[in-house]
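Data first, discussion second: the structure below is written as structure tokens.
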Amino acid sequence: QVQLEESGGGLVQPGGSLRLSCAASVSIFSFPTMGWYRQAPGKERELVARLGSTGWTTYADSVKGRFTISRDNARDTLYLQMNTLKPEDTAVYSCNAWHIGTEYWGQGTQVTVSS
């Protein structure tokens, strides 16, 4: 059983930065991909960024150039560095991973961008 625990969310002003972390309960070395998704009130969950074990990345158009996804295999942790935050980035951000054919989700962390 894999557990994912996000942290780092909070309230930030427009233009500010936050770094989200997703700590896994097992080694992430063999995880083929990990990603971040978000869901705003009244909207469907959407992909924010995904990172493969070989280093490839993909980003939603709305966050390209502002967000950076990375992983630290030694700490079994996935990160999302979010810069130049906008009010429309407000959402619950969740960590996602596939492991041995099973998909896992964290509980989510709230990010609110407001002045």
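Each chain in the structure tokens gets a letter, A, B, ..., in the order shown, and its residues are numbered from 1; ligands are numbered from 1 in order too.
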- request: For range 2-19 of chain A, please output as a VMD selection string all residues within 9 Å (counting only C-alpha atoms; exclusion window: fewer than 6 positions along the same chain).
  value: chain A and resid 25 to 26 79 to 87 92 to 97 99 104 to 115
Output file for the selection above: C-alpha atoms, as an mmCIF file, in the first residue's frame:
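New file selection-v9.cif:
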```
data_model
loop_
_atom_site.group_PDB
_atom_site.id
_atom_site.type_symbol
_atom_site.label_atom_id
_atom_site.label_comp_id
_atom_site.auth_asym_id
_atom_site.auth_seq_id
_atom_site.Cartn_x
_atom_site.Cartn_y
_atom_site.Cartn_z
ATOM 1 C CA SER A 25 5.484 5.978 2.147
ATOM 2 C CA VAL A 26 7.596 3.798 -0.141
ATOM 3 C CA TYR A 79 7.734 18.743 -5.508
ATOM 4 C CA LEU A 80 5.844 21.472 -7.326
ATOM 5 C CA GLN A 81 7.450 24.899 -7.306
ATOM 6 C CA MET A 82 4.797 27.480 -8.123
ATOM 7 C CA ASN A 83 5.863 31.018 -9.010
ATOM 8 C CA THR A 84 3.964 34.095 -10.161
ATOM 9 C CA LEU A 85 0.775 32.683 -8.720
ATOM 10 C CA LYS A 86 -2.557 33.964 -9.994
ATOM 11 C CA PRO A 87 -6.031 33.922 -8.408
ATOM 12 C CA VAL A 92 -6.953 21.806 -4.038
ATOM 13 C CA TYR A 93 -3.709 20.305 -5.329
ATOM 14 C CA SER A 94 -3.292 16.541 -5.190
ATOM 15 C CA CYS A 95 -0.349 14.246 -5.767
ATOM 16 C CA ASN A 96 -0.764 11.234 -8.045
ATOM 17 C CA ALA A 97 1.383 8.185 -8.675
ATOM 18 C CA HIS A 99 2.849 1.842 -8.702
ATOM 19 C CA TYR A 104 -2.640 6.347 -5.814
ATOM 20 C CA TRP A 105 -3.772 9.803 -4.675
ATOM 21 C CA GLY A 106 -2.901 12.006 -1.759
ATOM 22 C CA GLN A 107 -5.545 13.780 0.291
ATOM 23 C CA GLY A 108 -4.789 17.162 -1.268
ATOM 24 C CA THR A 109 -3.565 20.522 -0.041
ATOM 25 C CA GLN A 110 -5.418 23.812 -0.461
ATOM 26 C CA VAL A 111 -3.764 26.651 -2.358
ATOM 27 C CA THR A 112 -5.503 30.010 -2.207
ATOM 28 C CA VAL A 113 -4.215 32.981 -4.188
ATOM 29 C CA SER A 114 -5.852 36.176 -3.023
ATOM 30 C CA SER A 115 -5.032 39.704 -1.949
#
```
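With only C-alpha atoms taken into account, the protein and nucleic acid residues at most 12 Å from Ser53 in chain A (excluding it and anything under 4 positions from it in its own chain) are Ile28, Phe29, Ser30, Phe31, Pro32, Thr33, Met34, Gly35, Thr57, Ser70, Arg71, Asp72, Asn73, Leu78, Ala97 and Trp98 of chain A.
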Separation of CA of Cys22 in chain A from CA of Leu51 in chain A in Å: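 Separating CA of Leu51 in chain A from CA of Cys22 in chain A is a distance of 13.0 Å.
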message: Based on the backbone DSSP call, show me all residues of range 44-108 of chain A assigned strand (DSSP E), as a PyMOL selection string.
response: chain A and resi 46-52+57-59+67-72+77-82+91-99+102-105
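Comparing the minimum interatomic distances between Ala60 in chain A and each of A:Arg38, A:Leu20, A:Ala74, A:Glu44, counting only C-alpha atoms, we find that A:Arg38 sits nearest.
In this structure, CA of Thr68 in chain A sits 13.3 Å away from CA of Gly52 in chain A.
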- prompt: Which residue out of A:Thr77, A:Asp61, A:Gly55, A:Gln1 has the minimum interatomic distance to Ile100 in chain A when only C-alpha atoms are used?
  reply: A:Gln1
- prompt: With only C-alpha atoms as the basis for distance, which of A:Tyr37, A:Ser62, A:Ser27, A:Glu103 is at the shortest distance from Arg50 in chain A?
  reply: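 Of all the options, A:Tyr37 lies closest to Arg50 in chain A.
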